[in-house]
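Participant: What follows is a single structure, and I will ask about it in a moment.
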There are 2 protein chains.
Amino acid sequence: MAEQIEQLDQTIQLLSDLLQSGQDHEFIDSFEALHDFEMAQVYAELPVQFRAVAWRLLSIAILATVFDNLAVDEVDIVALLQEMPPQRGAQVLQAMYTDNAVDLLQEMSPRQIATYLSLMPKSEAESARQLINYDDQTAGSLMSTEYLAVKEDLRVDDVMRLVKKQALEAESISYVYVLDRQGLLVGVISLRDLLTHPDNLPVSEITNDRIISVSAGDDQEQVAQIVADYNFLSIPVTDDDQHLLGVITVDDIVDVIDEEAVEDYSGLAAVNVSQINDSPWHSAIKRIPWLIALLLLGMATATVIGSFDELVKQAAILAAFISLITGTAGNAGTQSLALAVRRIAVGSEHSGWQDFLSEVLAGLLVGLATGASVFVIVTIWKHNLILGFAVGIAMMMAILVANLAGYLIPLIIHKIGFDPAVASGPFITTLSDLTSVLIYFNVAQLFISQLSGS
Amino acid sequence: MAEQIEQLDQTIQLLSDLLQSGQDHEFIDSFEALHDFEMAQVYAELPVQFRAVAWRLLSIAILATVFDNLAVDEVDIVALLQEMPPQRGAQVLQAMYTDNAVDLLQEMSPRQIATYLSLMPKSEAESARQLINYDDQTAGSLMSTEYLAVKEDLRVDDVMRLVKKQALEAESISYVYVLDRQGLLVGVISLRDLLTHPDNLPVSEITNDRIISVSAGDDQEQVAQIVADYNFLSIPVTDDDQHLLGVITVDDIVDVIDEEAVEDYSGLAAVNVSQINDSPWHSAIKRIPWLIALLLLGMATATVIGSFDELVKQAAILAAFISLITGTAGNAGTQSLALAVRRIAVGSEHSGWQDFLSEVLAGLLVGLATGASVFVIVTIWKHNLILGFAVGIAMMMAILVANLAGYLIPLIIHKIGFDPAVASGPFITTLSDLTSVLIYFNVAQLFISQLSGS
């Protein structure tokens, strides 16, 4: 990878030099020889004065490829588009795949959107306007309308002719969708089958009518799961009547899987890990609110411990096990949370009650094993059976409660319609600190007559 | 999704009924009409007595598709293969895509592998034997050798003829690889370009010689990153001399991204989240060792606190803030850990020293903000400026140390050659408990004369 980044820097230098010395044709040739992804990288990193020349030299089709391959969350893509006159920007938008054009439009202010749409042909603008309305993270927001579609009653060579004609516009050419007279999706033909069957065969013979499609409102994570399971290269999006609305290609699915993984991981750690190149200042600014919020919850724990100060004065040894109990229960709760979030994401094989009972039982087993260990260790170490027993029992109960919290909280968040990943590990551990000390000191209170003076 | 699972159950019932009533041809037709993924699901879930009939009825090609689409970590794929006589099993292995066949072989004992390979043609057995040797999680373990390759000096129609001939065997038909006389990879042609250019054009005109390839030993995560960036549908694997060894297709990349995400997520939580359907007993058995190991580390923290029991006796209020400080530092350390693991995975834009300084600075800022907050809160709440100051300073230092630990530990683990994801969140928080109480009680010691009696 490192050498590829270096290579990219060299390419940028080379292309800048060509523009600097007025070798415009050589610039165009070298630029067009790049891979699509590289074109985007290079274009975004060209010095601004050279970019002003570049967009004048490059064709609309090439510029569309550049903007198709820019990641909206990594560069200020709107600013890049606005370096061109609105007229040309609108042409680029029009030449882009609809899903990417819509992603770009969604980064703009309503006023900017209106400007660009007014410069596009009416039908294209209308279709873009519709796509903008799909919620982020749904199938609708991922689909593009550049797909290959044919009527039912054709032969292989007819379809191949159409494929060849439309191949340049389509985002994926792996599948051809078959529509009936009403425009309803009735089947799918793979390009592989088209290539390996005789020209005069009716395509109905190689049409797969066992269609797997998704709805525009479906969650992107579910769509990704289907594409991953079926090893599809694209999947059709239909409305309730089976009208074909668009297709989602596997490259977008790859991005979705990555995005969802980053989201879940960030949630577990209470920090957005997609922003690893932030300045220390920005990084700190983003981390602090979470920490302060958790600090306030932690103050409740401090209050609880503070309210037991008489107990601590009588048996100062009790203080020694606070962090052991809160820490271990927090760890158990984090495990349980991660399993619960994952179970919600990929779907469980069991019913909700089975999962719940299973989690209670696992919590009990984990609590028993850990409680028993700590009982043995503390009893031997402090030569104090009562202390060992109190700490062991408290540990067991604290783990059971933390496990249940780790299991139930993401489930509840999911039920009320939010992403369970927002229930972060730090939140669960901080909450479990509170329940753990409550349990610990109440248990200790029961044994205080035997413990005091320890 | 739920309806699709239900549909699958119905399909299994239907197909079982067909076999039960002796309608063998109807069974074959219905089975072959399924999607590849569904064939695999259905086959694995058919009652064993029907499967014994099914493998006799189905063609080797269909059985190969079934086994190509079974996930080795979800079903006992070796047992399924062994339901057939070794001879037929070897034929199925041979008809499978090499990457999947090798995955299957890798699940077997050396003795079983030897049996199956001895039943395969010598050249195929030899090639499988070589592929088995690639380490798991490398490009070599993902590649298959069923790719489309042609010589340089052909025309579009020549290549299309070859593509049509080889299309059924190739795992991906999106790209055709161009080899020179020595068999070295010199370029790539996309099927899209083949379809949209005139028949008599020399393919050299549409060959992209800016090859992006990976080495067989490359880490799968890096390969996935390249494919995701470039939006490729497959990527060639070459040796140091640019000999083409195989190709990796995007469906395998989708699985890699998912697998790596699960690994990182599991690491952060210290629990394997890929096993969400374990029984409570198995789930507990897997969680307990981690918890006990962390418990032992936690005992060190308890020992430290215990050694300060005179201090606690003099100022019991100190106990109240133990969990606040350990908890907040643990949360900060978890954030820092997650950022560090992610930075290692996707590569940082900065040098190691820049990242280090950046993290120290971010830690200082986070520590200052949090320390200052806790100083204000404790001072007002307890009407005790000294206590607020002691807790605030300790908090700041504890956070700084936890941040650095969260940053450095995965880095060190990575440098010595392990996956940084093994540095779990619970490990960092438990370790940070220890450093936090050390800092806290040593700071408190300095102020004890003003604090005692609190």
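By convention in this document, the chains of the structure tokens carry letters A, B, ... by their order, each chain's residues are numbered from 1, and ligands are numbered from 1 in the order they are shown.
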Based on DSSP run over this structure's backbone, return all residues of range 212-433 of chain A in strand (DSSP E), as a list of chain:residue names.
Facilitator: A:Val214, A:Ser215, A:Ser234, A:Ile235, A:Pro236, A:Val237, A:Thr238, A:Leu244, A:Leu245, A:Gly246, A:Val247, A:Ile248, A:Thr249
Participant: Keeping all heavy atoms, export the residues of the selection given above as a JSON list (two decimals), in the first residue's frame.
Facilitator:
```json
[["chain", "number", "residue", "atom", "x", "y", "z"],
["A", 214, "VAL", "N", -35.13, -6.33, -3.22],
["A", 214, "VAL", "CA", -35.36, -5.63, -1.95],
["A", 214, "VAL", "C", -36.26, -4.43, -2.22],
["A", 214, "VAL", "O", -36.44, -4.03, -3.37],
["A", 214, "VAL", "CB", -34.03, -5.17, -1.30],
["A", 214, "VAL", "CG1", -33.19, -6.36, -0.89],
["A", 214, "VAL", "CG2", -33.25, -4.26, -2.24],
["A", 215, "SER", "N", -36.84, -3.89, -1.14],
["A", 215, "SER", "CA", -37.67, -2.69, -1.27],
["A", 215, "SER", "C", -36.81, -1.45, -1.00],
["A", 215, "SER", "O", -35.81, -1.53, -0.28],
["A", 215, "SER", "CB", -38.80, -2.71, -0.25],
["A", 215, "SER", "OG", -39.57, -3.87, -0.41],
["A", 234, "SER", "N", -25.11, -7.64, -8.13],
["A", 234, "SER", "CA", -26.04, -6.52, -7.93],
["A", 234, "SER", "C", -27.39, -7.10, -7.57],
["A", 234, "SER", "O", -27.65, -8.29, -7.76],
["A", 234, "SER", "CB", -26.13, -5.64, -9.18],
["A", 234, "SER", "OG", -26.67, -6.36, -10.24],
["A", 235, "ILE", "N", -28.24, -6.25, -7.02],
["A", 235, "ILE", "CA", -29.56, -6.73, -6.59],
["A", 235, "ILE", "C", -30.60, -5.68, -7.00],
["A", 235, "ILE", "O", -30.35, -4.48, -6.86],
["A", 235, "ILE", "CB", -29.57, -6.99, -5.06],
["A", 235, "ILE", "CG1", -30.84, -7.73, -4.63],
["A", 235, "ILE", "CG2", -29.42, -5.71, -4.24],
["A", 235, "ILE", "CD1", -30.73, -8.35, -3.24],
["A", 236, "PRO", "N", -31.76, -6.12, -7.53],
["A", 236, "PRO", "CA", -32.76, -5.14, -7.95],
["A", 236, "PRO", "C", -33.57, -4.59, -6.77],
["A", 236, "PRO", "O", -33.79, -5.29, -5.78],
["A", 236, "PRO", "CB", -33.67, -5.95, -8.89],
["A", 236, "PRO", "CG", -33.50, -7.37, -8.46],
["A", 236, "PRO", "CD", -32.12, -7.49, -7.89],
["A", 237, "VAL", "N", -33.99, -3.33, -6.91],
["A", 237, "VAL", "CA", -34.86, -2.70, -5.92],
["A", 237, "VAL", "C", -36.23, -2.51, -6.58],
["A", 237, "VAL", "O", -36.31, -1.95, -7.68],
["A", 237, "VAL", "CB", -34.31, -1.33, -5.49],
["A", 237, "VAL", "CG1", -35.19, -0.71, -4.40],
["A", 237, "VAL", "CG2", -32.87, -1.46, -5.02],
["A", 238, "THR", "N", -37.28, -3.00, -5.95],
["A", 238, "THR", "CA", -38.62, -2.90, -6.54],
["A", 238, "THR", "C", -39.59, -2.24, -5.57],
["A", 238, "THR", "O", -39.32, -2.17, -4.37],
["A", 238, "THR", "CB", -39.17, -4.30, -6.89],
["A", 238, "THR", "OG1", -39.12, -5.10, -5.70],
["A", 238, "THR", "CG2", -38.36, -4.96, -7.97],
["A", 244, "LEU", "N", -39.57, -2.26, -11.26],
["A", 244, "LEU", "CA", -38.14, -2.13, -11.03],
["A", 244, "LEU", "C", -37.78, -0.65, -10.84],
["A", 244, "LEU", "O", -38.01, 0.17, -11.73],
["A", 244, "LEU", "CB", -37.37, -2.72, -12.22],
["A", 244, "LEU", "CG", -35.84, -2.71, -12.12],
["A", 244, "LEU", "CD1", -35.37, -3.47, -10.90],
["A", 244, "LEU", "CD2", -35.23, -3.34, -13.38],
["A", 245, "LEU", "N", -37.24, -0.30, -9.67],
["A", 245, "LEU", "CA", -36.90, 1.10, -9.39],
["A", 245, "LEU", "C", -35.42, 1.40, -9.65],
["A", 245, "LEU", "O", -35.05, 2.51, -9.99],
["A", 245, "LEU", "CB", -37.20, 1.43, -7.93],
["A", 245, "LEU", "CG", -38.64, 1.24, -7.45],
["A", 245, "LEU", "CD1", -38.75, 1.52, -5.97],
["A", 245, "LEU", "CD2", -39.58, 2.14, -8.24],
["A", 246, "GLY", "N", -34.58, 0.39, -9.45],
["A", 246, "GLY", "CA", -33.15, 0.61, -9.63],
["A", 246, "GLY", "C", -32.39, -0.64, -9.23],
["A", 246, "GLY", "O", -33.00, -1.66, -8.89],
["A", 247, "VAL", "N", -31.07, -0.56, -9.28],
["A", 247, "VAL", "CA", -30.27, -1.69, -8.82],
["A", 247, "VAL", "C", -29.17, -1.19, -7.87],
["A", 247, "VAL", "O", -28.74, -0.03, -7.96],
["A", 247, "VAL", "CB", -29.59, -2.46, -9.98],
["A", 247, "VAL", "CG1", -30.62, -3.02, -10.94],
["A", 247, "VAL", "CG2", -28.58, -1.59, -10.71],
["A", 248, "ILE", "N", -28.75, -2.05, -6.97],
["A", 248, "ILE", "CA", -27.65, -1.75, -6.06],
["A", 248, "ILE", "C", -26.49, -2.66, -6.45],
["A", 248, "ILE", "O", -26.67, -3.87, -6.56],
["A", 248, "ILE", "CB", -28.05, -2.00, -4.60],
["A", 248, "ILE", "CG1", -29.25, -1.12, -4.25],
["A", 248, "ILE", "CG2", -26.89, -1.72, -3.66],
["A", 248, "ILE", "CD1", -29.84, -1.43, -2.89],
["A", 249, "THR", "N", -25.31, -2.07, -6.67],
["A", 249, "THR", "CA", -24.18, -2.87, -7.12],
["A", 249, "THR", "C", -23.28, -3.25, -5.94],
["A", 249, "THR", "O", -23.29, -2.61, -4.89],
["A", 249, "THR", "CB", -23.35, -2.10, -8.16],
["A", 249, "THR", "OG1", -23.11, -0.78, -7.66],
["A", 249, "THR", "CG2", -24.11, -2.00, -9.47]]
```
Participant: Would you pick out the contacts of range 427-435 of chain A at 10 Å or less, using only C-alpha atoms, so that residues sharing its chain but fewer than 3 positions from it are not included, and give the list as JSON, numbers by chain?
Facilitator: {"A": [267, 268, 269, 270, 290, 291, 293, 294, 295, 296, 297, 298, 299, 300, 301, 302, 303, 304, 305, 322, 323, 325, 326, 327, 328, 329, 330, 331, 332, 333, 334, 336, 337, 397, 398, 399, 401, 402, 403, 405, 406, 407, 409, 410, 422, 423, 424, 438, 439, 440], "B": [323, 324, 327, 328, 330, 331, 426, 429]}
Participant: Give the residues of chain B that lie within 6 Å of chain A; count only C-alpha atoms, and format the answer as JSON, numbers by chain.
Facilitator: {"B": [37, 164, 195, 196, 230, 231, 251, 261, 265, 269, 271, 273, 280, 284, 288, 298, 302, 305, 306, 309, 313, 316, 319, 320, 321, 324, 331, 334, 335, 339, 358, 361, 362, 366, 426]}
Participant: For the selection just defined, write its residues with N, CA and C atoms to a file, as a short mmCIF file (atom, residue, chain, number, x, y, z; two decimals), in the first residue's frame.
Facilitator:
```cif
data_model
loop_
_atom_site.label_atom_id
_atom_site.label_comp_id
_atom_site.auth_asym_id
_atom_site.auth_seq_id
_atom_site.Cartn_x
_atom_site.Cartn_y
_atom_site.Cartn_z
N PHE B 37 -26.94 -20.08 -3.62
CA PHE B 37 -26.92 -20.00 -2.16
C PHE B 37 -28.04 -20.85 -1.55
N LYS B 164 -16.36 -16.90 -24.29
CA LYS B 164 -17.57 -17.71 -24.33
C LYS B 164 -17.26 -19.17 -24.02
N LEU B 195 -17.25 -5.84 -25.04
CA LEU B 195 -18.60 -5.80 -25.61
C LEU B 195 -18.88 -4.52 -26.37
N THR B 196 -18.13 -3.47 -26.06
CA THR B 196 -18.46 -2.17 -26.66
C THR B 196 -17.44 -1.72 -27.70
N TYR B 230 -10.82 0.56 -5.19
CA TYR B 230 -10.85 0.59 -6.65
C TYR B 230 -12.19 0.12 -7.24
N ASN B 231 -13.10 -0.35 -6.38
CA ASN B 231 -14.36 -0.91 -6.86
C ASN B 231 -14.15 -2.03 -7.89
N ASP B 251 -16.82 -11.43 -4.14
CA ASP B 251 -17.66 -12.09 -3.12
C ASP B 251 -16.81 -12.57 -1.95
N ALA B 261 -14.19 -7.35 10.40
CA ALA B 261 -14.99 -6.50 11.27
C ALA B 261 -15.39 -7.26 12.53
N TYR B 265 -14.30 -6.29 16.31
CA TYR B 265 -15.37 -6.06 17.27
C TYR B 265 -15.25 -7.02 18.45
N ALA B 269 -14.37 -6.33 22.64
CA ALA B 269 -15.25 -6.76 23.73
C ALA B 269 -14.73 -7.99 24.47
N VAL B 271 -14.76 -11.08 23.50
CA VAL B 271 -15.67 -12.21 23.34
C VAL B 271 -15.84 -12.44 21.84
N VAL B 273 -17.83 -12.69 18.90
CA VAL B 273 -19.23 -12.41 18.57
C VAL B 273 -19.71 -13.18 17.34
N PRO B 280 -26.01 -21.60 26.29
CA PRO B 280 -25.51 -20.80 27.43
C PRO B 280 -24.24 -21.41 28.00
N ALA B 284 -20.79 -19.45 28.12
CA ALA B 284 -20.13 -19.15 29.40
C ALA B 284 -18.70 -19.70 29.41
N ILE B 288 -15.62 -17.21 30.31
CA ILE B 288 -15.02 -17.28 31.65
C ILE B 288 -13.48 -17.12 31.67
N GLY B 298 -6.97 -7.70 37.96
CA GLY B 298 -7.72 -6.84 38.88
C GLY B 298 -7.30 -7.03 40.32
N ALA B 302 -6.59 -4.45 43.46
CA ALA B 302 -7.10 -4.59 44.83
C ALA B 302 -5.96 -4.54 45.84
N ILE B 305 -4.89 -0.92 46.30
CA ILE B 305 -5.82 -0.17 47.15
C ILE B 305 -5.67 -0.63 48.60
N GLY B 306 -5.57 -1.98 48.76
CA GLY B 306 -5.42 -2.53 50.11
C GLY B 306 -4.21 -1.95 50.83
N ASP B 309 -4.70 1.20 52.95
CA ASP B 309 -5.86 1.17 53.84
C ASP B 309 -5.76 2.16 55.00
N LYS B 313 -8.66 4.72 55.94
CA LYS B 313 -9.19 4.86 57.30
C LYS B 313 -9.22 6.32 57.72
N ALA B 316 -12.23 8.31 54.63
CA ALA B 316 -13.07 7.31 53.96
C ALA B 316 -13.66 7.84 52.66
N ALA B 319 -12.60 6.62 49.15
CA ALA B 319 -13.15 5.41 48.53
C ALA B 319 -14.22 5.76 47.50
N ALA B 320 -14.95 6.87 47.78
CA ALA B 320 -16.08 7.23 46.93
C ALA B 320 -15.66 7.48 45.48
N PHE B 321 -14.40 7.93 45.31
CA PHE B 321 -14.01 8.35 43.95
C PHE B 321 -13.18 7.31 43.20
N LEU B 324 -15.05 6.26 40.11
CA LEU B 324 -15.19 7.39 39.17
C LEU B 324 -13.91 7.54 38.35
N ASN B 331 -12.76 4.44 30.24
CA ASN B 331 -13.52 4.89 29.07
C ASN B 331 -12.62 5.62 28.08
N THR B 334 -10.39 3.17 26.33
CA THR B 334 -11.10 2.39 25.32
C THR B 334 -11.24 3.17 24.03
N GLN B 335 -11.55 4.46 24.13
CA GLN B 335 -11.65 5.31 22.94
C GLN B 335 -10.32 5.32 22.19
N LEU B 339 -9.42 3.83 18.35
CA LEU B 339 -8.83 4.66 17.30
C LEU B 339 -7.50 4.07 16.83
N SER B 358 0.26 13.50 18.57
CA SER B 358 -1.14 13.86 18.45
C SER B 358 -1.96 13.20 19.56
N LEU B 361 -1.21 14.79 22.97
CA LEU B 361 -1.88 16.08 23.05
C LEU B 361 -3.38 15.91 23.27
N ALA B 362 -3.99 14.98 22.51
CA ALA B 362 -5.42 14.71 22.67
C ALA B 362 -5.69 14.21 24.09
N VAL B 366 -8.15 15.97 26.70
CA VAL B 366 -9.25 15.22 27.28
C VAL B 366 -9.10 15.18 28.80
N PRO B 426 -11.67 -4.64 27.50
CA PRO B 426 -11.59 -5.04 28.90
C PRO B 426 -10.16 -5.15 29.44
#
```
Participant: Could you tell me how far CA of Met396 in chain B sits from CA of Ala372 in chain B, in Å to one decimal place?
Facilitator: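 Computing the Euclidean distance for CA of Ala372 in chain B and CA of Met396 in chain B yields 8.2 Å.
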Participant: So that I can check the surroundings of Asp136 in chain B, please list as a list in words every protein, DNA and RNA residue that reaches within 12 Å of it, counting only C-alpha atoms and ignoring chain neighbours fewer than 6 positions away.
Facilitator: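 Everything that qualifies: Asp99, Val102, Asp103, Gln106, Glu107, Leu142, Met143, Ala216, Gly217, Asp218, Asp219, Gln220, Glu221 and Val256 of chain B.
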Participant: For all heavy atoms, I'd like the residues from the last selection saved as a tab-separated table (two decimals), in the first residue's frame.
Facilitator:
```tsv
chain	number	residue	atom	x	y	z
B	99	ASP	N	-10.52	-22.03	-4.79
B	99	ASP	CA	-10.44	-21.41	-3.45
B	99	ASP	C	-11.36	-22.11	-2.47
B	99	ASP	O	-10.99	-22.36	-1.32
B	99	ASP	CB	-10.70	-19.90	-3.51
B	99	ASP	CG	-12.01	-19.55	-4.19
B	99	ASP	OD1	-12.56	-20.41	-4.92
B	99	ASP	OD2	-12.49	-18.42	-4.01
B	102	VAL	N	-10.12	-25.70	-1.65
B	102	VAL	CA	-9.00	-25.66	-0.70
B	102	VAL	C	-9.50	-25.34	0.71
B	102	VAL	O	-9.03	-25.95	1.68
B	102	VAL	CB	-7.93	-24.64	-1.18
B	102	VAL	CG1	-6.94	-24.35	-0.08
B	102	VAL	CG2	-7.23	-25.18	-2.42
B	103	ASP	N	-10.47	-24.45	0.81
B	103	ASP	CA	-11.07	-24.17	2.13
B	103	ASP	C	-11.63	-25.46	2.73
B	103	ASP	O	-11.47	-25.72	3.93
B	103	ASP	CB	-12.22	-23.17	2.00
B	103	ASP	CG	-11.73	-21.75	1.82
B	103	ASP	OD1	-10.51	-21.52	2.01
B	103	ASP	OD2	-12.55	-20.86	1.50
B	106	GLN	N	-8.89	-27.81	3.80
B	106	GLN	CA	-8.20	-27.35	5.01
B	106	GLN	C	-8.96	-27.72	6.29
B	106	GLN	O	-8.41	-27.64	7.38
B	106	GLN	CB	-7.97	-25.84	4.95
B	106	GLN	CG	-6.74	-25.49	4.10
B	106	GLN	CD	-6.58	-24.02	3.84
B	106	GLN	OE1	-7.55	-23.29	3.83
B	106	GLN	NE2	-5.35	-23.58	3.64
B	107	GLU	N	-10.23	-28.09	6.14
B	107	GLU	CA	-11.00	-28.52	7.31
B	107	GLU	C	-10.74	-29.99	7.65
B	107	GLU	O	-11.21	-30.50	8.65
B	107	GLU	CB	-12.51	-28.35	7.05
B	107	GLU	CG	-12.96	-26.91	6.86
B	107	GLU	CD	-12.88	-26.13	8.15
B	107	GLU	OE1	-13.49	-26.56	9.14
B	107	GLU	OE2	-12.18	-25.09	8.17
B	142	LEU	N	-7.21	-17.01	-0.59
B	142	LEU	CA	-8.50	-16.56	-1.13
B	142	LEU	C	-8.62	-16.77	-2.63
B	142	LEU	O	-9.70	-16.70	-3.19
B	142	LEU	CB	-8.68	-15.05	-0.87
B	142	LEU	CG	-8.81	-14.57	0.56
B	142	LEU	CD1	-8.80	-13.05	0.57
B	142	LEU	CD2	-10.10	-15.08	1.17
B	143	MET	N	-7.49	-17.00	-3.29
B	143	MET	CA	-7.53	-16.96	-4.75
B	143	MET	C	-8.00	-18.28	-5.35
B	143	MET	O	-7.82	-19.34	-4.80
B	143	MET	CB	-6.17	-16.59	-5.32
B	143	MET	CG	-5.13	-17.67	-5.19
B	143	MET	SD	-3.50	-17.02	-5.70
B	143	MET	CE	-2.52	-18.50	-5.49
B	216	ALA	N	0.72	-13.25	-3.18
B	216	ALA	CA	0.02	-14.34	-2.49
B	216	ALA	C	0.15	-14.21	-0.97
B	216	ALA	O	-0.74	-14.61	-0.23
B	216	ALA	CB	0.55	-15.68	-2.96
B	217	GLY	N	1.25	-13.62	-0.49
B	217	GLY	CA	1.45	-13.52	0.94
B	217	GLY	C	0.82	-12.28	1.58
B	217	GLY	O	0.84	-12.13	2.80
B	218	ASP	N	0.23	-11.41	0.77
B	218	ASP	CA	-0.36	-10.18	1.31
B	218	ASP	C	-1.50	-10.48	2.27
B	218	ASP	O	-2.28	-11.40	2.07
B	218	ASP	CB	-0.89	-9.29	0.16
B	218	ASP	CG	0.22	-8.53	-0.53
B	218	ASP	OD1	1.37	-8.62	-0.06
B	218	ASP	OD2	-0.05	-7.86	-1.53
B	219	ASP	N	-1.62	-9.65	3.29
B	219	ASP	CA	-2.69	-9.80	4.26
B	219	ASP	C	-4.04	-9.55	3.61
B	219	ASP	O	-4.20	-8.60	2.83
B	219	ASP	CB	-2.46	-8.81	5.40
B	219	ASP	CG	-3.45	-9.01	6.52
B	219	ASP	OD1	-3.22	-9.90	7.35
B	219	ASP	OD2	-4.46	-8.27	6.55
B	220	GLN	N	-5.03	-10.39	3.94
B	220	GLN	CA	-6.34	-10.28	3.29
B	220	GLN	C	-7.00	-8.92	3.55
B	220	GLN	O	-7.76	-8.43	2.71
B	220	GLN	CB	-7.26	-11.41	3.74
B	220	GLN	CG	-7.58	-11.43	5.22
B	220	GLN	CD	-8.61	-12.49	5.58
B	220	GLN	OE1	-8.96	-13.33	4.75
B	220	GLN	NE2	-9.09	-12.49	6.80
B	221	GLU	N	-6.69	-8.31	4.69
B	221	GLU	CA	-7.33	-7.03	5.01
B	221	GLU	C	-6.84	-5.95	4.03
B	221	GLU	O	-7.62	-5.10	3.60
B	221	GLU	CB	-6.99	-6.64	6.45
B	221	GLU	CG	-7.90	-5.57	7.02
B	221	GLU	CD	-7.84	-5.49	8.54
B	221	GLU	OE1	-6.99	-6.19	9.15
B	221	GLU	OE2	-8.64	-4.75	9.11
B	256	VAL	N	-14.36	-11.28	3.59
B	256	VAL	CA	-13.18	-10.85	4.36
B	256	VAL	C	-13.50	-9.61	5.19
B	256	VAL	O	-13.18	-9.55	6.38
B	256	VAL	CB	-11.99	-10.54	3.42
B	256	VAL	CG1	-10.91	-9.76	4.16
B	256	VAL	CG2	-11.42	-11.82	2.84
```
Participant: Excluding Ala44 in chain B and any residue of its chain fewer than 6 positions from it, enumerate the residues within 10 Å of it, using only C-alpha atoms, and give them as a list of chain:residue names.
Facilitator: B:Ile12, B:Glu38, B:Arg51, B:Val66, B:Phe67, B:Leu70, B:Val75, B:Asp76, B:Ile77, B:Leu80
Participant: Just write the chosen residues, N, CA, C and O atoms, as a PDB file, in the first residue's frame.
Facilitator:
```
ATOM      1  N   ILE B  12     -37.606 -26.753   1.443  1.00  0.00           N
ATOM      2  CA  ILE B  12     -37.037 -28.003   1.947  1.00  0.00           C
ATOM      3  C   ILE B  12     -38.134 -29.060   2.077  1.00  0.00           C
ATOM      4  O   ILE B  12     -37.971 -30.207   1.659  1.00  0.00           O
ATOM      5  N   GLU B  38     -29.219 -20.808  -2.198  1.00  0.00           N
ATOM      6  CA  GLU B  38     -30.357 -21.578  -1.688  1.00  0.00           C
ATOM      7  C   GLU B  38     -30.103 -23.075  -1.831  1.00  0.00           C
ATOM      8  O   GLU B  38     -30.448 -23.853  -0.943  1.00  0.00           O
ATOM      9  N   ARG B  51     -30.791 -36.720   1.644  1.00  0.00           N
ATOM     10  CA  ARG B  51     -29.526 -36.265   1.076  1.00  0.00           C
ATOM     11  C   ARG B  51     -28.808 -37.438   0.395  1.00  0.00           C
ATOM     12  O   ARG B  51     -28.156 -37.281  -0.628  1.00  0.00           O
ATOM     13  N   VAL B  66     -23.279 -26.575  -4.889  1.00  0.00           N
ATOM     14  CA  VAL B  66     -23.727 -26.695  -3.496  1.00  0.00           C
ATOM     15  C   VAL B  66     -22.549 -26.497  -2.549  1.00  0.00           C
ATOM     16  O   VAL B  66     -22.586 -25.665  -1.638  1.00  0.00           O
ATOM     17  N   PHE B  67     -21.483 -27.236  -2.772  1.00  0.00           N
ATOM     18  CA  PHE B  67     -20.339 -27.167  -1.850  1.00  0.00           C
ATOM     19  C   PHE B  67     -19.590 -25.834  -1.980  1.00  0.00           C
ATOM     20  O   PHE B  67     -19.013 -25.362  -1.005  1.00  0.00           O
ATOM     21  N   LEU B  70     -21.470 -23.505   0.463  1.00  0.00           N
ATOM     22  CA  LEU B  70     -21.586 -23.807   1.892  1.00  0.00           C
ATOM     23  C   LEU B  70     -20.491 -23.060   2.643  1.00  0.00           C
ATOM     24  O   LEU B  70     -19.362 -22.984   2.176  1.00  0.00           O
ATOM     25  N   VAL B  75     -21.421 -25.005   8.718  1.00  0.00           N
ATOM     26  CA  VAL B  75     -21.887 -26.394   8.691  1.00  0.00           C
ATOM     27  C   VAL B  75     -20.671 -27.326   8.695  1.00  0.00           C
ATOM     28  O   VAL B  75     -19.562 -26.905   8.386  1.00  0.00           O
ATOM     29  N   ASP B  76     -20.916 -28.584   9.071  1.00  0.00           N
ATOM     30  CA  ASP B  76     -19.823 -29.551   9.043  1.00  0.00           C
ATOM     31  C   ASP B  76     -19.683 -30.047   7.612  1.00  0.00           C
ATOM     32  O   ASP B  76     -20.179 -31.109   7.242  1.00  0.00           O
ATOM     33  N   ILE B  77     -18.988 -29.259   6.820  1.00  0.00           N
ATOM     34  CA  ILE B  77     -18.929 -29.477   5.381  1.00  0.00           C
ATOM     35  C   ILE B  77     -18.183 -30.775   5.041  1.00  0.00           C
ATOM     36  O   ILE B  77     -18.523 -31.467   4.077  1.00  0.00           O
ATOM     37  N   LEU B  80     -20.571 -33.622   5.348  1.00  0.00           N
ATOM     38  CA  LEU B  80     -21.482 -33.665   4.196  1.00  0.00           C
ATOM     39  C   LEU B  80     -20.806 -34.317   2.995  1.00  0.00           C
ATOM     40  O   LEU B  80     -21.418 -35.110   2.288  1.00  0.00           O
TER      41      LEU B  80
END
```
Participant: Do you know which residues are at most 7 Å from Glu152 in chain A counting only C-alpha atoms, after dropping those on the same chain fewer than 4 positions away, and could you put them as a list in words?
Facilitator: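 Listed by chain and then number, they are Val178, Leu179, Asp180 and Ser204 of chain A.
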Participant: Give me, as a PyMOL selection string, the residues of range 225-293 of chain A that a backbone DSSP run labels alpha helix (DSSP H).
Facilitator: chain A and resi 225-230+250-269+280-293
